[in-house]
Amino acid sequence: MFKQIEGSNAIAQSVALCRPNVICAYPITPQTHIVESLGEIVRNGDLQNCDFINVESEMAALSVAIGSSAVGMRSYTATSSQGLLFMMEAVYNASGLQFPIVMTLGNRAIGSPINIWNDHSDAMSVRDAGWIMLFAQTTQEGVDLHIQAFAIAEQLKIPVMVCVDGFILTHAYERVFIPKQEDVDAFLPKLVPDQFLDVQNPCAIGAMVPPSDFTEVRYLAHEKYCSALGVIEEQSSKFGKIFSKKTYGLFEEYKCDDADVIVVCMGSVAGTLKDTVDSLRGEKNIKIGVVVLCSYRPFPYEKLGKALSKSKSVIVLEKAFALGCGGILSIDIELCLRNTETTLRTVIAGLGGREIMIKSLREEFLRTNAQRVTFLDLKQDIVDQYCKKLSA
Amino acid sequence: MFQIRIHGRGGQGVVTAAEMLSIAAFIEGKFAQAFPSFGSERMGAPVVAFCRISESEIRVREPILEPDVVIVQDQSLVSTVDVFAGLKTGCVALINATHRDDYIDSVAKKLQINVHYLNATEIALQYVGRPIPNAALLGGFSACCPHIVQLKSIKDAIFEKFSGSIAEKNSQAAERAFEKILEVDDV
């Protein structure tokens with residue numbers, strides 16, 4: 001049914017519909033409301049056969065999820081920012097051990113300087129950790145992606161991280177469709193682990209792999225990881241059928257058919273971008289479109305390359321960047337555009353919660369002399385002053 | 001699309017007001033989006049929350065710079081925060097105040113906006129027993145803008161957000177404020 005609720009609450013309800021057996025909870029802004037809501041759902045008895053475990057740190061949150069996953073339990077946790085960094089060792093272990101854990105990342109900037117607001121620095125810090133990483137545009141997508149995440153994770157035995165923009169989605173009230181339990185049950189079968197720790201049938205998981213085999217283990221993991229692209233698409237269209245909605249799989253193309261310029265983004269800025277594109281098309285007659293990337297890892301190089309190379313130029317709008325390098329998402333987009341005529345530039349926006357305004361985006365997209373990397377709404381006078389001091 | 005910006009102080013239920021307003025619009029079958037300005041919440045610090053209401057899906061997520069209505073939950077904010085920023089001719093400001101304010105009146109004249117004063121704190125104290133004016137102001141809002149949300153939906157939203165006697169008392173405060181606004185406008 002449709003509800004007008006907070007994003008975190010909606011995501012919690014969606015996770016509960018997936019019937020996890022273990023939920024590990026440790027608070028960190030802006031993810032806290034998600035595990036709080038789940039705690040309430042479990043306490044009220046609305047989620048049976050589930051242990052809600054309050055742990056002492058993020059490191060413990062994911063480690064306990066790894067333990068419960070090792071004994072064949074459907075396991076979930078959530079975190080943000082510094083919390084993700086604190087559990088980093090376990091992040092790699094979860095994927096290396098092939099445990100189908102689902103984790104929500106309420107995207108937030110990484111300090112120092114401390115900042116509790118939204119950007120994508122935290123997600124970017126684990127882009128090579130072997131997790132599938134899906135980005136939600138809206139709260140509704142957040143709800144839908146969590147249900148798909150369990151299915152994808154369990155089919156492939158790869159953990160899935162669902163990224164939802166902190167505050168912008170987690171703390172906003174919106175109209176959200178919360179699916180029926182029987183529909184979720186029809187979509188998501190019971191977890192049947194083919195290998196799990198069992199005292200009756202002892203086995204070893206996570207044994208040391210020597211140099212003679214490590215490369216092969218990694219190669220096979222890579223092969224499986226790449227096959228996830230197809231699985232994400234399959235699950236997306238299966239979800240669309242069962243829940244009667246339009247789904248798009250790896251990425252959404254908005255008004256790209258005739259576009260000279262395509263803006264690439266991830267997450268909640270998509271809505272603002274679509275409105276911006278509509279206004280530029282209507283008032284300035286500019287052929288501009290948007291590609292919203294959902295599957296950041298694995299990265300759909302081939303399909304995305306095909307979609308983007310139809311345009312003359314691509315602008316990557318990203319909420320994170322690598323000091324001394326530039327856009328992080330841009331590196332992958334650049335690979336997509338190898339051997340094509342399409343040009344690429346990067347716009348860094350929304351760092352540490354800086355609001356992204358349509359007016360600024362319009363001006364940015366109308367610029368003709370932009371450099372390879374620009375920063376949206378940069379206070380140029382202030383940075384110039386400091387740069388002068390630095391060079392003096 | 002109709003846009004409302006709510007100014008207040010931490011502890012006055014500013015964010016909750018925007019959320020309840022969005023629920024009221026949802027009850028009427030509209031699309032609504034409510035979100036806070038995401039500050040570090042502290043008691044007494046200036047807080048802003050936003051609500052958009054539309055007949056169609058709302059995609060934009062930028063903060064509201066040009067509201068159709070501002071609701072000011074604390075009169076003392078007017079001297080420190082530009083609560084009227086972005087208001088255009090004919091827009092509405094609903095202000096929780098104990099008395100008319102010369103400064104506000106002069107701004108209203110300059111901007112050609114319609115100001116409604118409502119002693120929402122008094123109503124809250126009378127009905128709820130606590131100086132939290134949000135429910136009363138939403139009742140007042142539904143009197144100022146009945147085409148956006150009706151009092152009944154505001155009351156239903158209050159009952160969705162709260163329960164028991166707290167919901168009942170806040171609902172009464174909203175109703176009283178609704179009447180108050182109409183009374184004053186009759187004069």
# chains A, B, ... in the order shown; residues from 1 in each chain; ligands from 1

$ residues_around --residues "Ala108 (chain B)" --least-positions-apart "6" --cutoff "12 Å" --atoms "only C-alpha atoms" --output "list in words"
Val83, Phe84, Ala85, Leu87, Lys88, Thr89, Gly90, Cys91, Val92, Ala93, Leu94, Ile95, Arg100, Asp101, Asp102, Asn114, Val115, His116 and Tyr117 of chain B

$ interface_residues --of "chain B" --to "chain A" --cutoff "7 Å" --atoms "only C-alpha atoms" --output "list in words"
Glu19, Ile23, Phe26, Phe31, Ala32, Gln33, Ala34, Phe35, Phe38, Arg59, Val60, Arg61 and Glu62 of chain B

$ write_last_selection --atoms "all heavy atoms" --output "mmCIF file, in the first residue's frame"
data_model
loop_
_atom_site.group_PDB
_atom_site.id
_atom_site.type_symbol
_atom_site.label_atom_id
_atom_site.label_comp_id
_atom_site.auth_asym_id
_atom_site.auth_seq_id
_atom_site.Cartn_x
_atom_site.Cartn_y
_atom_site.Cartn_z
ATOM 1 N N GLU B 19 6.426 17.291 8.202
ATOM 2 C CA GLU B 19 6.050 15.893 7.958
ATOM 3 C C GLU B 19 4.529 15.720 8.018
ATOM 4 O O GLU B 19 3.927 15.070 7.157
ATOM 5 C CB GLU B 19 6.739 14.984 8.993
ATOM 6 C CG GLU B 19 8.249 14.909 8.792
ATOM 7 C CD GLU B 19 9.002 14.281 9.949
ATOM 8 O OE1 GLU B 19 8.379 13.912 10.974
ATOM 9 O OE2 GLU B 19 10.237 14.151 9.844
ATOM 10 N N ILE B 23 1.798 14.561 5.201
ATOM 11 C CA ILE B 23 0.846 13.452 5.404
ATOM 12 C C ILE B 23 -0.578 13.930 5.083
ATOM 13 O O ILE B 23 -1.359 13.215 4.435
ATOM 14 C CB ILE B 23 0.931 12.908 6.856
ATOM 15 C CG1 ILE B 23 2.296 12.247 7.084
ATOM 16 C CG2 ILE B 23 -0.192 11.906 7.136
ATOM 17 C CD1 ILE B 23 2.594 11.892 8.542
ATOM 18 N N PHE B 26 -0.992 14.007 1.439
ATOM 19 C CA PHE B 26 -1.064 12.609 0.965
ATOM 20 C C PHE B 26 -2.473 12.041 1.172
ATOM 21 O O PHE B 26 -3.024 11.371 0.292
ATOM 22 C CB PHE B 26 -0.025 11.771 1.724
ATOM 23 C CG PHE B 26 -0.157 10.285 1.538
ATOM 24 C CD1 PHE B 26 0.316 9.679 0.384
ATOM 25 C CD2 PHE B 26 -0.750 9.494 2.513
ATOM 26 C CE1 PHE B 26 0.202 8.295 0.210
ATOM 27 C CE2 PHE B 26 -0.868 8.123 2.351
ATOM 28 C CZ PHE B 26 -0.392 7.522 1.194
ATOM 29 N N PHE B 31 0.622 14.398 -4.122
ATOM 30 C CA PHE B 31 2.017 14.046 -3.897
ATOM 31 C C PHE B 31 2.612 15.091 -2.952
ATOM 32 O O PHE B 31 2.317 16.286 -3.091
ATOM 33 C CB PHE B 31 2.804 14.044 -5.208
ATOM 34 C CG PHE B 31 2.491 12.880 -6.090
ATOM 35 C CD1 PHE B 31 1.388 12.901 -6.931
ATOM 36 C CD2 PHE B 31 3.292 11.735 -6.070
ATOM 37 C CE1 PHE B 31 1.095 11.810 -7.748
ATOM 38 C CE2 PHE B 31 3.000 10.650 -6.885
ATOM 39 C CZ PHE B 31 1.896 10.689 -7.725
ATOM 40 N N ALA B 32 3.419 14.643 -2.015
ATOM 41 C CA ALA B 32 4.036 15.588 -1.093
ATOM 42 C C ALA B 32 5.415 15.106 -0.690
ATOM 43 O O ALA B 32 5.693 13.903 -0.683
ATOM 44 C CB ALA B 32 3.155 15.763 0.140
ATOM 45 N N GLN B 33 6.259 16.078 -0.391
ATOM 46 C CA GLN B 33 7.644 15.781 -0.015
ATOM 47 C C GLN B 33 7.959 16.701 1.166
ATOM 48 O O GLN B 33 7.747 17.905 1.066
ATOM 49 C CB GLN B 33 8.520 16.118 -1.211
ATOM 50 C CG GLN B 33 10.006 15.967 -1.052
ATOM 51 C CD GLN B 33 10.763 16.734 -2.139
ATOM 52 O OE1 GLN B 33 10.648 17.949 -2.244
ATOM 53 N NE2 GLN B 33 11.522 16.023 -2.960
ATOM 54 N N ALA B 34 8.403 16.137 2.273
ATOM 55 C CA ALA B 34 8.800 16.963 3.415
ATOM 56 C C ALA B 34 10.222 16.618 3.801
ATOM 57 O O ALA B 34 10.586 15.438 3.816
ATOM 58 C CB ALA B 34 7.871 16.726 4.598
ATOM 59 N N PHE B 35 11.017 17.629 4.055
ATOM 60 C CA PHE B 35 12.395 17.340 4.480
ATOM 61 C C PHE B 35 12.943 18.491 5.311
ATOM 62 O O PHE B 35 12.574 19.632 5.117
ATOM 63 C CB PHE B 35 13.305 17.065 3.276
ATOM 64 C CG PHE B 35 13.345 18.157 2.233
ATOM 65 C CD1 PHE B 35 14.438 19.013 2.149
ATOM 66 C CD2 PHE B 35 12.306 18.332 1.346
ATOM 67 C CE1 PHE B 35 14.490 20.013 1.184
ATOM 68 C CE2 PHE B 35 12.348 19.341 0.378
ATOM 69 C CZ PHE B 35 13.432 20.180 0.305
ATOM 70 N N PHE B 38 18.431 19.716 7.642
ATOM 71 C CA PHE B 38 19.553 18.847 7.987
ATOM 72 C C PHE B 38 20.657 19.528 8.775
ATOM 73 O O PHE B 38 21.832 19.328 8.505
ATOM 74 C CB PHE B 38 20.191 18.243 6.729
ATOM 75 C CG PHE B 38 19.221 17.741 5.705
ATOM 76 C CD1 PHE B 38 19.382 18.036 4.372
ATOM 77 C CD2 PHE B 38 18.157 16.966 6.090
ATOM 78 C CE1 PHE B 38 18.488 17.557 3.419
ATOM 79 C CE2 PHE B 38 17.252 16.492 5.143
ATOM 80 C CZ PHE B 38 17.434 16.791 3.804
ATOM 81 N N ARG B 59 9.972 15.535 -8.258
ATOM 82 C CA ARG B 59 11.316 14.969 -8.471
ATOM 83 C C ARG B 59 12.415 15.829 -7.844
ATOM 84 O O ARG B 59 13.423 15.317 -7.383
ATOM 85 C CB ARG B 59 11.587 14.827 -9.971
ATOM 86 C CG ARG B 59 10.649 13.866 -10.671
ATOM 87 C CD ARG B 59 11.084 13.614 -12.101
ATOM 88 N NE ARG B 59 11.161 14.839 -12.890
ATOM 89 C CZ ARG B 59 11.160 14.863 -14.220
ATOM 90 N NH1 ARG B 59 11.080 13.733 -14.891
ATOM 91 N NH2 ARG B 59 11.244 16.009 -14.866
ATOM 92 N N VAL B 60 12.219 17.133 -7.862
ATOM 93 C CA VAL B 60 13.274 18.046 -7.428
ATOM 94 C C VAL B 60 13.546 17.883 -5.930
ATOM 95 O O VAL B 60 12.632 17.597 -5.153
ATOM 96 C CB VAL B 60 12.883 19.505 -7.767
ATOM 97 C CG1 VAL B 60 11.677 19.949 -6.964
ATOM 98 C CG2 VAL B 60 14.059 20.442 -7.551
ATOM 99 N N ARG B 61 14.819 18.040 -5.532
ATOM 100 C CA ARG B 61 15.167 17.891 -4.120
ATOM 101 C C ARG B 61 15.961 19.068 -3.568
ATOM 102 O O ARG B 61 16.586 18.981 -2.516
ATOM 103 C CB ARG B 61 15.957 16.589 -3.917
ATOM 104 C CG ARG B 61 15.107 15.378 -4.192
ATOM 105 C CD ARG B 61 15.795 14.092 -3.879
ATOM 106 N NE ARG B 61 14.945 12.978 -4.298
ATOM 107 C CZ ARG B 61 13.975 12.486 -3.545
ATOM 108 N NH1 ARG B 61 13.747 12.957 -2.347
ATOM 109 N NH2 ARG B 61 13.237 11.491 -3.992
ATOM 110 N N GLU B 62 15.984 20.165 -4.306
ATOM 111 C CA GLU B 62 16.692 21.333 -3.779
ATOM 112 C C GLU B 62 15.859 21.971 -2.660
ATOM 113 O O GLU B 62 14.641 21.795 -2.626
ATOM 114 C CB GLU B 62 16.948 22.356 -4.902
ATOM 115 C CG GLU B 62 15.666 22.915 -5.519
ATOM 116 C CD GLU B 62 15.905 23.914 -6.656
ATOM 117 O OE1 GLU B 62 16.980 23.899 -7.253
ATOM 118 O OE2 GLU B 62 14.982 24.689 -6.930
#

$ residues_around --residues "Met43 (chain B)" --least-positions-apart "5" --cutoff "12 Å" --atoms "only C-alpha atoms" --output "MDAnalysis selection string"
chainID B and resid 8:14

$ atom_distance --atom1 "CA of Asp381 (chain A)" --atom2 "CA of Leu344 (chain A)"
26.6 Å

$ closest_atom_pairs --of "region 71-156 of chain B" --to "region 170-182 of chain B" --cutoff "7 Å" --atoms "only C-alpha atoms" --output "tab-separated table"
residue	atom	partner	partner_atom	distance
B:Leu118	CA	B:Ile181	CA	6.9
B:Ala120	CA	B:Ala177	CA	7.0
B:Ile123	CA	B:Ala173	CA	6.0
B:Ala124	CA	B:Ala173	CA	6.0
B:Tyr127	CA	B:Ala173	CA	5.6
B:Val128	CA	B:Asn170	CA	6.0
B:Ala135	CA	B:Ala174	CA	5.3
B:Ala136	CA	B:Ala174	CA	4.1
B:Leu137	CA	B:Ala177	CA	6.9
B:Leu138	CA	B:Ala174	CA	6.4
B:Gly139	CA	B:Ala174	CA	4.0
B:Gly140	CA	B:Phe178	CA	4.5
B:Ser142	CA	B:Phe178	CA	6.8
B:Ala143	CA	B:Phe178	CA	5.2
B:Lys155	CA	B:Ser171	CA	5.3

$ write_last_selection --atoms "C-alpha atoms" --output "short mmCIF file (atom, residue, chain, number, x, y, z; two decimals), in the first residue's frame"
data_model
loop_
_atom_site.label_atom_id
_atom_site.label_comp_id
_atom_site.auth_asym_id
_atom_site.auth_seq_id
_atom_site.Cartn_x
_atom_site.Cartn_y
_atom_site.Cartn_z
CA LEU B 118 -1.68 33.64 15.22
CA ALA B 120 -0.18 29.56 18.41
CA ILE B 123 -3.35 27.89 21.91
CA ALA B 124 -0.77 25.11 22.40
CA TYR B 127 -4.92 22.69 24.64
CA VAL B 128 -1.70 20.67 24.70
CA ALA B 135 -0.19 21.62 15.30
CA ALA B 136 -1.94 24.93 15.91
CA LEU B 137 0.00 26.55 13.08
CA LEU B 138 -0.98 23.74 10.71
CA GLY B 139 -4.63 24.33 11.66
CA GLY B 140 -4.05 28.00 10.92
CA SER B 142 -5.45 25.12 6.54
CA ALA B 143 -7.55 28.23 7.21
CA LYS B 155 -6.35 16.50 12.00
#

$ residues_around --residues "region 312-318 of chain A" --least-positions-apart "5" --cutoff "6 Å" --atoms "only C-alpha atoms" --output "PyMOL selection string"
chain A and resi 260-265+342-349

$ write_last_selection --atoms "C-alpha atoms" --output "PDB file, in the first residue's frame"
ATOM      1  CA  ASP A 260      23.838  15.832 -27.778  1.00  0.00           C
ATOM      2  CA  VAL A 261      24.812  16.063 -24.119  1.00  0.00           C
ATOM      3  CA  ILE A 262      24.274  13.351 -21.509  1.00  0.00           C
ATOM      4  CA  VAL A 263      24.724  13.988 -17.805  1.00  0.00           C
ATOM      5  CA  VAL A 264      25.684  10.900 -15.792  1.00  0.00           C
ATOM      6  CA  CYS A 265      24.843  10.720 -12.100  1.00  0.00           C
ATOM      7  CA  THR A 342      32.433  11.648 -27.258  1.00  0.00           C
ATOM      8  CA  THR A 343      34.103  14.157 -24.939  1.00  0.00           C
ATOM      9  CA  LEU A 344      33.911  14.029 -21.166  1.00  0.00           C
ATOM     10  CA  ARG A 345      34.069  16.516 -18.330  1.00  0.00           C
ATOM     11  CA  THR A 346      33.419  16.257 -14.612  1.00  0.00           C
ATOM     12  CA  VAL A 347      31.316  18.420 -12.330  1.00  0.00           C
ATOM     13  CA  ILE A 348      31.834  17.832  -8.625  1.00  0.00           C
ATOM     14  CA  ALA A 349      28.694  18.738  -6.697  1.00  0.00           C
TER      15      ALA A 349
END

$ select_by_dssp --residues "region 37-95 of chain A" --states "strand (DSSP E or B)" --output "ChimeraX atom specification"
/A:51-54,75-79

$ write_last_selection --atoms "all heavy atoms" --output "tab-separated table (two decimals), in the first residue's frame"
chain	number	residue	atom	x	y	z
A	51	ASP	N	16.78	-12.28	15.02
A	51	ASP	CA	17.51	-11.75	16.16
A	51	ASP	C	17.98	-10.35	15.83
A	51	ASP	O	18.71	-10.15	14.86
A	51	ASP	CB	18.73	-12.63	16.47
A	51	ASP	CG	18.35	-13.84	17.29
A	51	ASP	OD1	17.42	-13.71	18.11
A	51	ASP	OD2	18.96	-14.92	17.10
A	52	PHE	N	17.54	-9.39	16.63
A	52	PHE	CA	18.01	-8.01	16.48
A	52	PHE	C	19.14	-7.84	17.49
A	52	PHE	O	18.93	-7.90	18.70
A	52	PHE	CB	16.86	-7.04	16.78
A	52	PHE	CG	17.22	-5.60	16.57
A	52	PHE	CD1	17.08	-5.02	15.31
A	52	PHE	CD2	17.68	-4.81	17.62
A	52	PHE	CE1	17.41	-3.69	15.11
A	52	PHE	CE2	18.01	-3.49	17.42
A	52	PHE	CZ	17.87	-2.92	16.16
A	53	ILE	N	20.35	-7.67	16.98
A	53	ILE	CA	21.52	-7.68	17.87
A	53	ILE	C	22.14	-6.29	17.94
A	53	ILE	O	22.60	-5.75	16.93
A	53	ILE	CB	22.57	-8.71	17.38
A	53	ILE	CG1	21.92	-10.10	17.26
A	53	ILE	CG2	23.76	-8.74	18.34
A	53	ILE	CD1	22.84	-11.16	16.67
A	54	ASN	N	22.12	-5.72	19.15
A	54	ASN	CA	22.83	-4.46	19.36
A	54	ASN	C	24.30	-4.78	19.59
A	54	ASN	O	24.65	-5.44	20.55
A	54	ASN	CB	22.26	-3.74	20.59
A	54	ASN	CG	20.96	-3.04	20.26
A	54	ASN	OD1	20.91	-2.16	19.40
A	54	ASN	ND2	19.89	-3.43	20.93
A	75	SER	N	21.23	-12.26	6.64
A	75	SER	CA	21.80	-11.27	7.56
A	75	SER	C	21.85	-9.87	6.95
A	75	SER	O	22.12	-9.73	5.76
A	75	SER	CB	23.21	-11.69	7.97
A	75	SER	OG	23.18	-13.01	8.47
A	76	TYR	N	21.60	-8.90	7.81
A	76	TYR	CA	21.50	-7.51	7.34
A	76	TYR	C	22.16	-6.57	8.35
A	76	TYR	O	22.10	-6.79	9.57
A	76	TYR	CB	20.02	-7.13	7.18
A	76	TYR	CG	19.79	-5.65	6.96
A	76	TYR	CD1	19.88	-5.10	5.68
A	76	TYR	CD2	19.51	-4.79	8.02
A	76	TYR	CE1	19.69	-3.74	5.46
A	76	TYR	CE2	19.32	-3.44	7.83
A	76	TYR	CZ	19.41	-2.91	6.55
A	76	TYR	OH	19.24	-1.57	6.34
A	77	THR	N	22.77	-5.52	7.84
A	77	THR	CA	23.19	-4.42	8.70
A	77	THR	C	23.19	-3.13	7.89
A	77	THR	O	22.90	-3.14	6.68
A	77	THR	CB	24.57	-4.69	9.35
A	77	THR	OG1	24.82	-3.67	10.33
A	77	THR	CG2	25.70	-4.66	8.32
A	78	ALA	N	23.46	-2.03	8.56
A	78	ALA	CA	23.46	-0.72	7.87
A	78	ALA	C	24.50	0.16	8.52
A	78	ALA	O	24.81	0.03	9.71
A	78	ALA	CB	22.08	-0.06	8.00
A	79	THR	N	25.06	1.08	7.72
A	79	THR	CA	26.03	2.01	8.28
A	79	THR	C	26.16	3.23	7.40
A	79	THR	O	25.44	3.39	6.41
A	79	THR	CB	27.40	1.32	8.49
A	79	THR	OG1	28.22	2.16	9.32
A	79	THR	CG2	28.13	1.10	7.16

$ atom_distance --atom1 "CA of Arg5 (chain B)" --atom2 "CA of Glu160 (chain B)"
21.6 Å

$ closest_residue --among "A:Ala370, A:Leu304, A:Leu378, A:Ala109" --to "Val292 (chain A)" --atoms "only C-alpha atoms"
A:Leu304

$ atom_distance --atom1 "CA of Lys224 (chain A)" --atom2 "CA of Ala65 (chain A)"
22.0 Å

$ residues_around --residues "Pro298 (chain A)" --least-positions-apart "3" --cutoff "10 Å" --atoms "only C-alpha atoms" --output "list in words"
Arg127, Asp128, Gly130, Trp131, Ile132, Met133, Leu134, His222, Tyr225, Cys226, Ser227, Ala228, Leu229, Ile232, Leu250, Ser295 and Tyr301 of chain A

$ select_by_dssp --residues "region 64-186 of chain B" --states "helix (DSSP H, G or I)" --output "number ranges by chain"
B: 75-79, 102-111, 120-127, 134-144, 151-161, 164-186

$ closest_residue --among "B:Leu151, B:Leu125, B:Ile104, B:Met1" --to "Ile58 (chain B)" --atoms "only C-alpha atoms"
B:Met1

$ residues_around --residues "region 37-40 of chain A" --least-positions-apart "6" --cutoff "8 Å" --atoms "only C-alpha atoms" --output "VMD selection string"
chain A and resid 8 to 9 12 to 13 16 52

$ residues_around --residues "Ala157 (chain B)" --least-positions-apart "3" --cutoff "8 Å" --atoms "only C-alpha atoms" --output "VMD selection string"
chain B and resid 20 to 21 23 to 24 27 153 to 154 160 to 161
